[in-house]
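Visitor: Have a look at the structure that comes next, please.
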Amino acid sequence: MTNTKTARLGVVALVVAVVGICVVYLTTQMAVPPAYAKVGPTVFPYAVGGILTVLSLFLWRDAVRKNWHCEASDPDVPPPDLAPMGWVLGGLFLNLILIGYIGFILSSTVMYTMVAKGFGARRLWLAALVGFLLALVAYYGFARLLDLRMGSGLIEDLI
Amino acid sequence: MDAFMSLAHGFTVALTPINLMWGLIGVTLGTAVGVLPGLGPALTIALLLPITFQVEATAAFILFAGIYFGAMFGGSTTSILINTPGESATIVTALEGHEMAKRGRGGPALATAAIGSFVAGTLGTVGITVLAPFIVKVALSFGPADYFALMLLAFVTVSSVLGSSTIRGLTSLAFGLLIGLVGVDLQTGQARFSFGQMELLDGIDVVIVCVGLFAVGETLHLASRYRRTKEEIIPIEGSLWMTAQDWARSWKAWLRGAFIGFPMGALPAGGAEIPTFLSYFVEKKLSKKPEEFGKGAIEGVAGPEAANNASAAGVFVPLLTLGLPTSATAAIMLAAFQSYGINPGPQLLTTQPDLVWGLIASLYIGNVLLLVLNLPLVGLWVQILKIPTPYLYAGILVFATIGTYGISQSVFDLGLLYGIGILGFFMRRYDFPTSPVIIGMILGPYAEQQFRRALTISQGDMTVFFTRPLSLTLIIIAALALLLPVIVSTTKSWLKKTETA
């Protein structure tokens, strides 16, 4: 295990520590009615924050002792393949932005096509078509069967 | 016997055409998600949770239980034919089963897995039938302190068992507990960790967390590495029939697997992995041909597959009698109980006999349906493995979006879903188990409730957890489960040091 990899594990331990400390700090900021002071709503938050902080120390120890075997620290596992991940994340991000404006069906078609591209689909027009049909069927299926309301959108308003 | 009378009544519930239909849908859907890599029962049930607003509780749970059992059956097909275990519980099946498939014995491997699953699933269901009323009698005397201690024990075992490191398991669990704390505290009305966001006051929906970790996180993880791994489906060659020798070598392994799997599933010890590994080693030890192991020994498929299914049945015992989930799927089912306003616990058997016994009866029926679905129709399931990866994973993300956006139409929730997905990706990279997050967020609020109830009864006296014999025993076991591995490894290294000195 190289030092950069150990450092990365250290960062993970640090993140856990920061979360733990933040939880404890946020709990101190809660205004609790004195009647509940003893077994009130802050006991569990303090405990969880404290446990996370303590666990981060153990994680740190595992990182330093190189006793933390995972994909990120395994020299045989190649680093994450960024291009496919970029397409998938991009698809999710676009969906997040577009869904409120153009509706679930079109926005999910865009996401579907980008994720399919990320996973190596060659005929993008076909992926877009499949995505559109899937979103359409799913919209109807879920909306009717489970009574979910998927909101309105460009296509949704037509049908 | 009383239990069997109740069971007979359960069959009259489960055999109504409408419930039979839900059972059939459940096992079919379950087999499909079990076969498809990247989808699991916890995720599927989470996506279907909105159905609890539509159909009555018995039907919903028959559907969910069918999915759960079906996924166990279907998972073995994938492990045997493409060597990518869909779930951790089928890793061992892949060891021998894939070797058998490569040697042209895929048919018998699938057969012994399916029949073994059927035998063990049925034995496990008999186990539930006999054990559940008994545990309920014991559990009726539990006080809040005992429940809290029991949940503490479940927390510890779940985080040390589900994964390779107790520290990372506990970290996952603590994150789950933290997520469970978000929102308005029901007893005092105090808002916790909601950052002034309206959307967070009601707490974070378990669907968002489950779908985020299991669907979005998994997809990102696969995207990061799919170009570097090659998968190939081995066509089923030869007959599905097992030879007389296959039968002779399988049946004992099935029974042993069932007897290893059921108790380990029923104990709050979490997960189906340990019993499958245990069964594998037992079979290897007892086999007359240990040299065949690693090269496609049929016992190595029969035993672990049986153990896997028996433990899946075992999980229902603590869930139905104590309201204690010991796997991510069981935790989601507990969330479904919440959605119906049903409090699972020892009273469930008396207040909802139709639900409980109908569910148990449906497990017997489901096992039969699954045997039929998985043996003669296995060729059909192999076909769905041929869905191209890009279309499959893009589709999973569309369903993930529907499952969350459809409930609330909130872009905030969608953002939360994708954010938790990214967290899930990093958890995979750094080997944090994801199931404890789900169990922590569902069981955490219950544990807190029992903790505060116990202290209200004792008027704030913390010693209540240590003066009740049951609670004390459970806390001691939890402490031992947590500390024993540490003590053992420290003594070992200390012994080594003194030896070399």
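The way I read the labels, and the way they are meant: chains A, B, ... in the order of the structure tokens, residue 1 as the first residue of every chain, and ligand 1 as the first ligand shown, with later ones counted on from there.
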Can you pull out the residues contacting range 55-72 of chain A? Cut-off 8 Å, using only C-alpha atoms, and skip same-chain residues under 2 positions away; I want them as a ChimeraX atom specification.
Guide: /A:1,5-7,9-10,13-14,16-17,51-53,74,77,79 /B:167-168,170-171,428-431
Visitor: Excluding range 217-222 of chain B and any residue of its chain fewer than 6 positions from it, enumerate the residues within 7 Å of it, using only C-alpha atoms, and give them as a ChimeraX atom specification.
Guide: /A:85 /B:38,393,421-422,424-425
Visitor: Define the interface residues of chain B facing chain A as those within 6 Å, counting only C-alpha atoms, and report them as an mmCIF file with N, CA and C atoms, in the first residue's frame.
Guide:
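Writing the result to result_35.cif gives the following:
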```cif
data_model
loop_
_atom_site.group_PDB
_atom_site.id
_atom_site.type_symbol
_atom_site.label_atom_id
_atom_site.label_comp_id
_atom_site.auth_asym_id
_atom_site.auth_seq_id
_atom_site.Cartn_x
_atom_site.Cartn_y
_atom_site.Cartn_z
ATOM 1 N N ILE B 51 -47.014 0.443 -2.239
ATOM 2 C CA ILE B 51 -48.150 -0.455 -2.399
ATOM 3 C C ILE B 51 -48.894 -0.625 -1.072
ATOM 4 N N ALA B 223 -20.152 1.237 -12.694
ATOM 5 C CA ALA B 223 -19.653 2.098 -13.767
ATOM 6 C C ALA B 223 -18.157 2.317 -13.618
ATOM 7 N N SER B 224 -17.682 2.359 -12.357
ATOM 8 C CA SER B 224 -16.270 2.658 -12.126
ATOM 9 C C SER B 224 -15.369 1.495 -12.490
ATOM 10 N N ARG B 225 -15.950 0.323 -12.753
ATOM 11 C CA ARG B 225 -15.055 -0.831 -12.971
ATOM 12 C C ARG B 225 -15.511 -1.808 -14.038
ATOM 13 N N PRO B 390 -25.895 -1.826 -20.402
ATOM 14 C CA PRO B 390 -26.261 -0.399 -20.420
ATOM 15 C C PRO B 390 -27.752 -0.194 -20.180
ATOM 16 N N TYR B 391 -28.583 -1.036 -20.828
ATOM 17 C CA TYR B 391 -30.025 -0.862 -20.700
ATOM 18 C C TYR B 391 -30.509 -1.223 -19.310
ATOM 19 N N ALA B 394 -29.254 1.588 -16.725
ATOM 20 C CA ALA B 394 -29.982 2.833 -16.971
ATOM 21 C C ALA B 394 -31.426 2.672 -16.493
ATOM 22 N N GLY B 406 -41.698 9.835 -7.143
ATOM 23 C CA GLY B 406 -43.124 9.528 -7.176
ATOM 24 C C GLY B 406 -43.821 9.683 -5.841
ATOM 25 N N ILE B 407 -43.077 9.509 -4.744
ATOM 26 C CA ILE B 407 -43.708 9.623 -3.432
ATOM 27 C C ILE B 407 -43.972 11.090 -3.102
ATOM 28 N N ARG B 429 -16.154 1.476 -2.075
ATOM 29 C CA ARG B 429 -14.718 1.625 -2.315
ATOM 30 C C ARG B 429 -13.911 1.366 -1.046
ATOM 31 N N TYR B 430 -14.429 1.876 0.090
ATOM 32 C CA TYR B 430 -13.673 1.768 1.331
ATOM 33 C C TYR B 430 -14.176 0.636 2.216
ATOM 34 N N ASP B 431 -14.980 -0.251 1.641
ATOM 35 C CA ASP B 431 -15.422 -1.459 2.321
ATOM 36 C C ASP B 431 -16.175 -1.212 3.624
#
```
Visitor: Any idea what the distance is between CA of Ile80 in chain B and CA of Val378 in chain B?
Guide: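 CA of Ile80 in chain B sits 12.0 Å away from CA of Val378 in chain B.
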